[in-house]
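Asks: Next up, run.cif (mmCIF, C-alpha atoms).
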data_model
loop_
_atom_site.label_atom_id
_atom_site.label_comp_id
_atom_site.auth_asym_id
_atom_site.auth_seq_id
_atom_site.Cartn_x
_atom_site.Cartn_y
_atom_site.Cartn_z
CA MET D 221 0.00 0.00 0.00
CA ARG D 222 2.79 2.37 0.94
CA ALA D 223 4.66 1.49 -2.20
CA PHE D 224 1.55 2.12 -4.21
CA SER D 225 0.91 5.56 -2.77
CA PHE D 226 4.56 6.44 -3.26
CA ALA D 227 4.30 5.40 -6.90
CA LEU D 228 1.12 7.42 -7.22
CA CYS D 229 2.86 10.48 -5.79
CA LEU D 230 5.68 10.05 -8.28
CA ALA D 231 3.25 9.59 -11.14
CA LEU D 232 1.48 12.78 -10.17
CA LEU D 233 4.76 14.64 -9.80
CA VAL D 234 6.26 13.75 -13.15
CA PRO D 235 3.90 15.74 -15.38
CA ALA D 236 4.23 18.73 -13.07
CA MET D 237 7.98 18.60 -13.42
CA ALA D 238 7.88 18.05 -17.16
CA TRP D 239 5.56 21.01 -17.57
CA ALA D 240 8.09 23.82 -17.60
CA ILE D 241 11.03 21.97 -19.07
CA ASP D 242 11.64 22.58 -22.73
CA ALA D 243 13.63 20.19 -24.82
CA LEU D 244 16.73 22.32 -25.08
CA PRO D 245 19.80 20.64 -26.49
CA PHE D 246 22.29 21.13 -23.69
CA LYS D 247 25.74 19.91 -24.53
CA ASP D 248 26.37 18.59 -21.03
CA ARG D 249 24.95 18.41 -17.53
CA ALA D 250 27.02 21.38 -16.32
CA GLU D 251 25.51 23.64 -18.94
CA GLU D 252 22.04 22.48 -18.03
CA LEU D 253 22.67 23.18 -14.34
CA ARG D 254 24.02 26.63 -15.18
CA PHE D 255 20.91 27.31 -17.26
CA GLN D 256 18.62 26.19 -14.46
CA HIS D 257 20.54 28.18 -11.86
CA LEU D 258 20.32 31.32 -14.01
CA THR D 259 16.67 31.04 -14.99
CA ARG D 260 15.71 30.45 -11.39
CA GLN D 261 17.06 33.90 -10.50
CA LEU D 262 14.95 35.53 -13.18
CA ARG D 263 11.34 36.49 -12.83
CA CYS D 264 8.67 35.61 -15.34
CA LEU D 265 7.11 38.90 -16.47
CA VAL D 266 3.70 37.41 -17.15
CA CYS D 267 3.07 35.51 -13.94
CA GLN D 268 5.26 37.49 -11.65
CA ASN D 269 5.32 35.09 -8.77
CA GLU D 270 7.03 32.46 -10.85
CA SER D 271 10.62 32.24 -11.90
CA LEU D 272 11.57 31.96 -15.53
CA ALA D 273 12.60 28.38 -14.84
CA ASP D 274 9.18 27.37 -13.54
CA SER D 275 6.80 29.34 -15.69
CA SER D 276 4.90 27.78 -18.54
CA ALA D 277 3.88 31.15 -19.97
CA ASP D 278 4.60 31.64 -23.64
CA LEU D 279 6.91 34.58 -23.05
CA ALA D 280 8.83 32.63 -20.42
CA LYS D 281 9.40 29.92 -23.00
CA ASP D 282 10.69 32.50 -25.49
CA LEU D 283 12.95 34.06 -22.88
CA ARG D 284 14.30 30.67 -21.83
CA ARG D 285 15.14 29.99 -25.45
CA GLU D 286 16.79 33.42 -25.66
CA VAL D 287 18.85 32.73 -22.53
CA PHE D 288 19.83 29.35 -23.93
CA GLU D 289 20.89 30.82 -27.27
CA GLN D 290 22.95 33.51 -25.59
CA MET D 291 24.64 30.84 -23.49
CA GLN D 292 25.53 29.08 -26.74
CA GLN D 293 27.03 32.32 -28.01
CA GLY D 294 29.34 32.22 -25.01
CA LYS D 295 27.77 35.09 -23.06
CA ASP D 296 28.30 34.91 -19.31
CA ASP D 297 25.51 35.10 -16.75
CA ASP D 298 26.04 38.79 -16.03
CA ALA D 299 25.80 39.67 -19.71
CA ILE D 300 22.55 37.72 -20.03
CA ARG D 301 21.13 39.36 -16.93
CA GLN D 302 22.09 42.74 -18.35
CA TYR D 303 20.45 41.90 -21.66
CA LEU D 304 17.20 41.21 -19.83
CA THR D 305 17.32 44.20 -17.49
CA GLU D 306 17.93 46.51 -20.45
CA ARG D 307 14.57 45.39 -21.78
CA TYR D 308 12.52 44.53 -18.73
CA SER D 309 14.19 46.64 -15.98
CA ASP D 310 15.41 45.32 -12.63
CA PHE D 311 11.98 43.73 -12.33
CA VAL D 312 13.26 40.55 -13.98
CA LEU D 313 15.80 40.05 -11.22
CA TYR D 314 14.68 38.35 -8.05
CA ASP D 315 17.82 39.72 -6.45
CA PRO D 316 17.63 43.49 -6.98
CA PRO D 317 20.94 45.34 -7.32
CA LEU D 318 22.01 47.75 -4.58
CA ARG D 319 21.53 51.33 -5.73
CA GLY D 320 19.87 54.58 -4.63
CA ALA D 321 16.31 53.50 -5.28
CA THR D 322 16.72 50.14 -3.56
CA ILE D 323 18.51 51.25 -0.38
CA LEU D 324 15.32 51.07 1.66
CA LEU D 325 14.56 47.64 0.23
CA TRP D 326 17.96 46.35 1.25
CA PHE D 327 18.40 48.05 4.59
CA GLY D 328 14.78 48.67 5.63
CA PRO D 329 14.55 45.42 7.61
CA LEU D 330 17.86 46.20 9.35
CA LEU D 331 16.54 49.65 10.22
CA VAL D 332 13.38 48.16 11.73
CA LEU D 333 15.52 45.68 13.67
CA LEU D 334 17.67 48.50 15.04
CA ILE D 335 14.63 50.50 16.10
CA GLY D 336 13.24 47.39 17.82
CA ALA D 337 16.56 46.67 19.53
CA ALA D 338 16.79 50.27 20.75
CA ALA D 339 13.27 50.10 22.14
CA VAL D 340 13.96 46.80 23.93
CA THR D 341 17.24 48.10 25.39
CA ARG D 342 15.50 51.18 26.70
CA ILE D 343 12.70 49.23 28.33
CA VAL D 344 15.07 46.69 29.88
CA ARG D 345 17.34 49.43 31.24
CA LYS D 346 14.42 51.29 32.73
CA ARG D 347 13.06 48.18 34.43
CA SER D 348 16.41 47.20 35.87
CA ALA D 349 16.87 50.76 37.10
CA ILE D 350 13.52 50.52 38.90
CA GLN D 351 14.51 47.20 40.43
CA HIS D 352 17.84 48.61 41.56
CA ASN D 353 16.10 51.49 43.24
CA THR D 354 13.56 49.34 45.07
CA ALA D 355 15.78 46.35 45.87
CA PRO D 356 18.02 48.07 48.46
CA GLY D 357 14.93 49.57 50.10
CA LYS D 358 13.43 46.14 50.43
CA GLY D 359 16.68 44.81 51.84
CA THR D 360 16.83 47.43 54.53
CA GLU D 361 13.23 46.78 55.42
CA GLU D 362 14.04 43.15 55.94
CA ASP D 363 17.07 44.11 57.99
CA TRP D 364 14.87 46.08 60.23
CA MET O 160 0.78 61.24 30.75
CA ILE O 161 1.97 60.87 27.18
CA LYS O 162 3.12 57.34 27.98
CA ARG O 163 -0.45 56.19 28.19
CA PHE O 164 -0.96 57.10 24.57
CA LEU O 165 2.20 55.45 23.29
CA PRO O 166 0.44 52.21 22.27
CA LEU O 167 -2.22 54.25 20.52
CA ILE O 168 0.41 56.30 18.67
CA GLY O 169 2.19 53.10 17.68
CA PHE O 170 -1.05 51.64 16.41
CA ALA O 171 -1.82 54.79 14.44
CA LEU O 172 1.64 54.70 12.86
CA VAL O 173 1.28 51.08 11.77
CA ALA O 174 -2.28 51.69 10.55
CA SER O 175 -1.24 54.68 8.46
CA LEU O 176 1.66 52.69 7.00
CA LEU O 177 -0.72 49.94 5.94
CA ALA O 178 -3.22 52.46 4.56
CA PHE O 179 -0.43 54.06 2.55
CA GLY O 180 0.54 50.64 1.22
CA ILE O 181 -3.00 49.87 0.11
CA SER O 182 -3.57 53.22 -1.58
CA TYR O 183 -0.16 53.04 -3.25
CA MET O 184 -0.95 49.61 -4.64
CA ARG O 185 -4.25 50.89 -5.96
CA ASN O 186 -2.71 53.78 -7.83
CA ASN O 187 0.46 52.07 -9.00
CA SER O 188 -0.20 48.65 -10.35
CA MET O 189 2.58 46.42 -9.11
CA ASN O 190 2.00 44.17 -12.09
CA GLU O 191 3.23 46.81 -14.48
CA VAL O 192 6.86 46.41 -15.26
CA PRO O 193 8.42 49.88 -15.65
CA SER O 194 10.01 50.13 -19.07
CA PRO O 195 13.70 50.99 -18.98
CA LEU O 196 13.40 52.00 -22.63
CA ILE O 197 11.57 55.27 -22.07
CA GLY O 198 13.84 58.11 -23.17
CA LYS O 199 15.99 55.68 -25.12
CA PRO O 200 16.04 54.96 -28.85
CA ALA O 201 13.53 52.38 -30.01
CA PRO O 202 15.21 49.03 -30.67
CA SER O 203 16.09 48.58 -34.31
CA PHE O 204 13.75 46.37 -36.26
CA ARG O 205 13.02 45.36 -39.82
CA LEU O 206 9.81 43.40 -40.06
CA PRO O 207 7.60 42.21 -42.91
CA VAL O 208 4.25 43.84 -43.59
CA LEU O 209 1.15 41.75 -42.97
CA ASN O 210 0.09 39.98 -46.16
CA GLN O 211 2.99 41.56 -48.02
CA PRO O 212 5.89 39.38 -46.88
CA GLU O 213 8.19 40.86 -49.52
CA ARG O 214 7.76 44.37 -48.11
CA PHE O 215 9.67 45.33 -44.98
CA VAL O 216 9.32 48.26 -42.59
CA SER O 217 12.20 49.37 -40.38
CA ASN O 218 12.94 52.20 -37.95
CA ALA O 219 14.43 54.20 -40.82
CA ASP O 220 11.16 54.05 -42.75
CA LEU O 221 9.28 55.57 -39.83
CA ALA O 222 11.91 58.11 -38.78
CA GLY O 223 11.35 61.86 -38.91
CA LYS O 224 7.82 61.80 -37.55
CA PRO O 225 6.32 60.55 -34.28
CA TYR O 226 4.36 57.34 -34.48
CA LEU O 227 2.40 55.08 -32.19
CA LEU O 228 3.42 51.44 -32.18
CA ASN O 229 0.51 49.30 -31.04
CA VAL O 230 1.26 45.69 -30.11
CA PHE O 231 -1.76 43.53 -30.85
CA ALA O 232 -2.73 39.95 -31.66
CA SER O 233 -5.89 38.19 -32.68
CA TRP O 234 -5.58 35.90 -29.64
CA CYS O 235 -5.40 38.89 -27.32
CA PHE O 236 -8.68 39.53 -25.60
CA ALA O 237 -7.84 42.97 -24.20
CA CYS O 238 -6.86 44.08 -27.71
CA ARG O 239 -10.47 43.71 -28.74
CA GLU O 240 -11.38 45.95 -25.82
CA GLU O 241 -8.95 48.58 -27.00
CA HIS O 242 -9.77 48.29 -30.67
CA PRO O 243 -12.90 50.49 -30.92
CA LEU O 244 -10.97 53.38 -29.40
CA LEU O 245 -8.21 53.05 -31.98
CA MET O 246 -10.84 52.86 -34.72
CA ALA O 247 -12.64 55.96 -33.49
CA GLU O 248 -9.77 58.11 -32.24
CA GLY O 249 -6.66 56.73 -33.93
CA ARG O 250 -6.78 59.19 -36.80
CA SER O 251 -7.38 62.15 -34.51
CA LEU O 252 -3.88 61.66 -33.11
CA GLY O 253 -2.55 62.90 -36.43
CA ILE O 254 0.33 60.44 -36.43
CA PRO O 255 0.77 57.02 -38.04
CA VAL O 256 -0.52 54.20 -35.86
CA VAL O 257 1.65 51.22 -36.64
CA GLY O 258 0.19 47.82 -35.85
CA PHE O 259 2.67 45.37 -34.36
CA ASN O 260 1.19 41.94 -34.87
CA TYR O 261 2.67 39.90 -32.04
CA LYS O 262 3.09 36.12 -32.26
CA ASP O 263 0.07 35.64 -34.44
CA GLU O 264 -1.00 33.66 -37.48
CA THR O 265 -1.27 35.73 -40.65
CA ALA O 266 -4.70 34.34 -41.47
CA ASP O 267 -6.01 35.02 -37.95
CA ALA O 268 -4.66 38.55 -37.88
CA THR O 269 -6.10 39.31 -41.32
CA ARG O 270 -9.51 37.97 -40.35
CA TRP O 271 -9.41 39.90 -37.08
CA LEU O 272 -8.69 43.17 -38.89
CA GLN O 273 -11.42 42.47 -41.42
CA GLN O 274 -13.92 41.74 -38.70
CA TYR O 275 -13.18 44.64 -36.34
CA GLY O 276 -11.65 47.13 -38.76
CA ASP O 277 -8.11 48.21 -39.49
CA PRO O 278 -7.03 51.38 -37.66
CA TYR O 279 -3.39 51.01 -38.69
CA SER O 280 -1.40 52.87 -41.30
CA VAL O 281 0.71 49.74 -41.66
CA VAL O 282 0.80 46.40 -39.85
CA ILE O 283 4.16 44.74 -39.27
CA VAL O 284 4.51 41.12 -38.25
CA ASP O 285 6.69 39.73 -35.47
CA ARG O 286 5.89 36.09 -35.82
CA ASP O 287 8.27 34.64 -33.24
CA GLY O 288 8.25 37.63 -30.88
CA ALA O 289 11.99 38.29 -31.10
CA ILE O 290 11.69 42.03 -31.76
CA ALA O 291 8.98 42.21 -29.10
CA ILE O 292 11.57 41.03 -26.55
CA ASP O 293 13.83 43.90 -27.61
CA PHE O 294 10.93 46.25 -26.93
CA GLY O 295 10.37 44.68 -23.52
CA VAL O 296 6.89 43.52 -24.52
CA TYR O 297 5.46 41.05 -22.04
CA GLY O 298 1.84 41.03 -23.06
CA ALA O 299 -0.60 42.55 -25.45
CA PRO O 300 -1.85 45.16 -25.93
CA GLU O 301 1.07 47.45 -25.34
CA SER O 302 1.71 50.75 -27.08
CA PHE O 303 4.83 52.81 -27.58
CA LEU O 304 4.92 56.45 -28.56
CA VAL O 305 8.09 57.04 -30.56
CA ASP O 306 9.13 60.58 -31.45
CA GLY O 307 10.64 61.90 -34.68
CA GLU O 308 14.15 61.10 -33.51
CA GLY O 309 13.20 57.51 -32.82
CA ILE O 310 13.16 57.93 -29.03
CA ILE O 311 10.50 56.07 -27.04
CA ARG O 312 8.57 58.71 -25.12
CA TYR O 313 5.76 56.75 -23.56
CA LYS O 314 4.67 53.19 -23.01
CA GLN O 315 1.16 52.08 -22.28
CA ILE O 316 0.83 48.61 -20.81
CA GLY O 317 -2.62 47.20 -21.39
CA PRO O 318 -5.39 48.79 -23.43
CA ILE O 319 -5.26 52.48 -24.27
CA THR O 320 -8.20 54.00 -22.44
CA PRO O 321 -9.92 57.31 -23.27
CA ASP O 322 -8.14 58.75 -20.22
CA VAL O 323 -4.73 57.64 -21.40
CA LEU O 324 -5.48 59.09 -24.81
CA ALA O 325 -6.70 62.43 -23.48
CA PHE O 326 -4.33 62.96 -20.56
CA GLU O 327 -1.16 61.18 -21.61
CA LEU O 328 -0.82 60.67 -25.34
CA LYS O 329 -2.37 63.87 -26.67
CA PRO O 330 -0.52 66.29 -24.32
CA LEU O 331 2.73 64.47 -25.02
CA LEU O 332 2.13 64.67 -28.76
CA ALA O 333 1.31 68.37 -28.49
CA SER O 334 4.58 68.97 -26.65
CA LEU O 335 6.47 66.98 -29.28
CA LYS O 336 4.93 69.06 -32.02
CA GLY O 337 5.64 72.25 -30.08
CA ALA O 338 9.29 71.28 -29.75
CA ALA O 339 9.69 70.46 -33.41
CA PRO O 340 10.61 73.47 -35.57
#
Represent the structure from my file as structure tokens, please.
Replies:
Amino acid sequence: MRAFSFALCLALLVPAMAWAIDALPFKDRAEELRFQHLTRQLRCLVCQNESLADSSADLAKDLRREVFEQMQQGKDDDAIRQYLTERYSDFVLYDPPLRGATILLWFGPLLVLLIGAAAVTRIVRKRSAIQHNTAPGKGTEEDW
Amino acid sequence: MIKRFLPLIGFALVASLLAFGISYMRNNSMNEVPSPLIGKPAPSFRLPVLNQPERFVSNADLAGKPYLLNVFASWCFACREEHPLLMAEGRSLGIPVVGFNYKDETADATRWLQQYGDPYSVVIVDRDGAIAIDFGVYGAPESFLVDGEGIIRYKQIGPITPDVLAFELKPLLASLKGAAP
């Protein structure tokens, strides 16, 4: 029974995996891995929550073919990324570059963390100060 | 005294941040990819004319005068939405409206134009969508306003609406004409 359900899971998985994979003639496994690594960092413009590697949109297929062809021409990953950003802006990159307009995006979370840390430190200090003030008083009371 | 209101102030800050986020999302569609090509020369192209495969149109043929490049396809539902406006108002722009038939079958595109009318001065065909990638097209309809020097001045993603026509395209065209000697 367990074997059967495992086989069923596999059977259901296979078409889902085959969905986005085009029959591109990679010359070796390394090239294929490079292609997959690169297209996973790129965003599909049509369904924007999918990477170029996963999307079955028509444009994604065209762009995958374009990426593949440029890899054949010997272009490196940066050149291919630049080719795409020249046409589709930084939007195609899941990893946005650090520049003026993206400073808040990159360091916003850090800023919030710092504000939180400052607030916590303040509160903790205040509380311990209160305890310090009352503790000796208590002690003396007990002494009495 | 003020300490009592600190939680309330904090809540108000968070609430206003969220309200800003919602209103921002409403006014600026996050689905629209900003075109990096605005203010830059239109990508060079040389594409065959619909039903006249021996005739080609390139940037050079359109240079010297502003034109509107309208990306459309017979399979594109929103193009049908946009089409009546182009039919009714296209000529009033006073510039050539170039149809950019995107990843379409010749027969389908021809039938589509016969059925709904042909608002275009010329229709060029990008069968495999290669030039469309150079233009940063990621859907249809999309429209590009290209000036006399071949610079892309404006990009409309999605159908051209009467508002876009009246408040974006026409003022921009007027300023282009004003600038030209």
Asks: Need the shell around segment 230-235 of chain O: protein/DNA/RNA residues with any atom at most 10 Å away, counting all atoms listed in the file. Skip same-chain ones fewer than 2 positions apart. Format as a PyMOL selection string?
Replies: chain O and resi 227-228+237-242+257-272+282-285+291+296+298-303+316-318
Asks: When distances are computed from only C-alpha atoms, which of O:Asp293, O:Glu308, O:Asp322, O:Asp220 shows the smallest separation from chain D?
Replies: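 Of the candidates, the smallest distance to chain D is held by O:Asp293.
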Asks: I need the chain O residues near chain D as JSON, numbers by chain; criterion: at most 10 Å, counting all atoms listed in the file.
Replies: {"O": [189, 190, 191, 192, 193, 194, 195, 196, 202, 262, 287, 288, 289, 291, 292, 293, 294, 295, 296, 297, 298]}
Asks: Rounded to one decimal in Å, what is the spacing between atom CA of Leu177 of chain O and atom CA of Pro329 of chain D?
Replies: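 Interatomic distance here is 16.0 Å.
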Asks: Just to confirm, what's the straight-line distance from atom CA of Gln261 of chain D to atom CA of Val287 of chain D in Å (one decimal)?
Replies: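 One can read the atom CA of Gln261 of chain D to atom CA of Val287 of chain D distance as 12.2 Å.
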Asks: So the first atom is atom CA of Gly328 of chain D and the second is atom CA of Asp315 of chain D; what is the distance between them in Å, to one decimal place?
Replies: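 Between atom CA of Gly328 of chain D and atom CA of Asp315 of chain D the gap works out to 15.3 Å.
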Asks: Can you give me, as a ChimeraX atom specification, the residues this file yields under the PyMOL selection byres ((chain O and resi 200) around 9)?
Replies: /O:196-199,201-203,305,308-311
Asks: Which residues are close to segment 224-226 of chain O, i.e. within 7 Å by only C-alpha atoms, leaving aside same-chain residues fewer than 5 positions away? Reply as a VMD selection string.
Replies: chain O and resid 254 to 256 304 to 307
Asks: Find the residues around Leu324 of chain O up to 12 Å (all atoms listed in the file counted), leave out those fewer than 2 positions away in its own chain, and share them as a PyMOL selection string.
Replies: chain O and resi 227+241+244-245+247-249+251-252+302+304+313-315+318-322+326-332
Asks: Apply the PyMOL selection byres ((chain D and resi 242-246) around 12) to the displayed file and report the matching residues as JSON, numbers by chain.
Replies: {"D": [237, 238, 239, 240, 241, 247, 248, 249, 250, 251, 252, 253, 254, 255, 256, 272, 273, 274, 275, 276, 277, 278, 280, 281, 282, 283, 284, 285, 286, 287, 288, 289, 291, 292]}
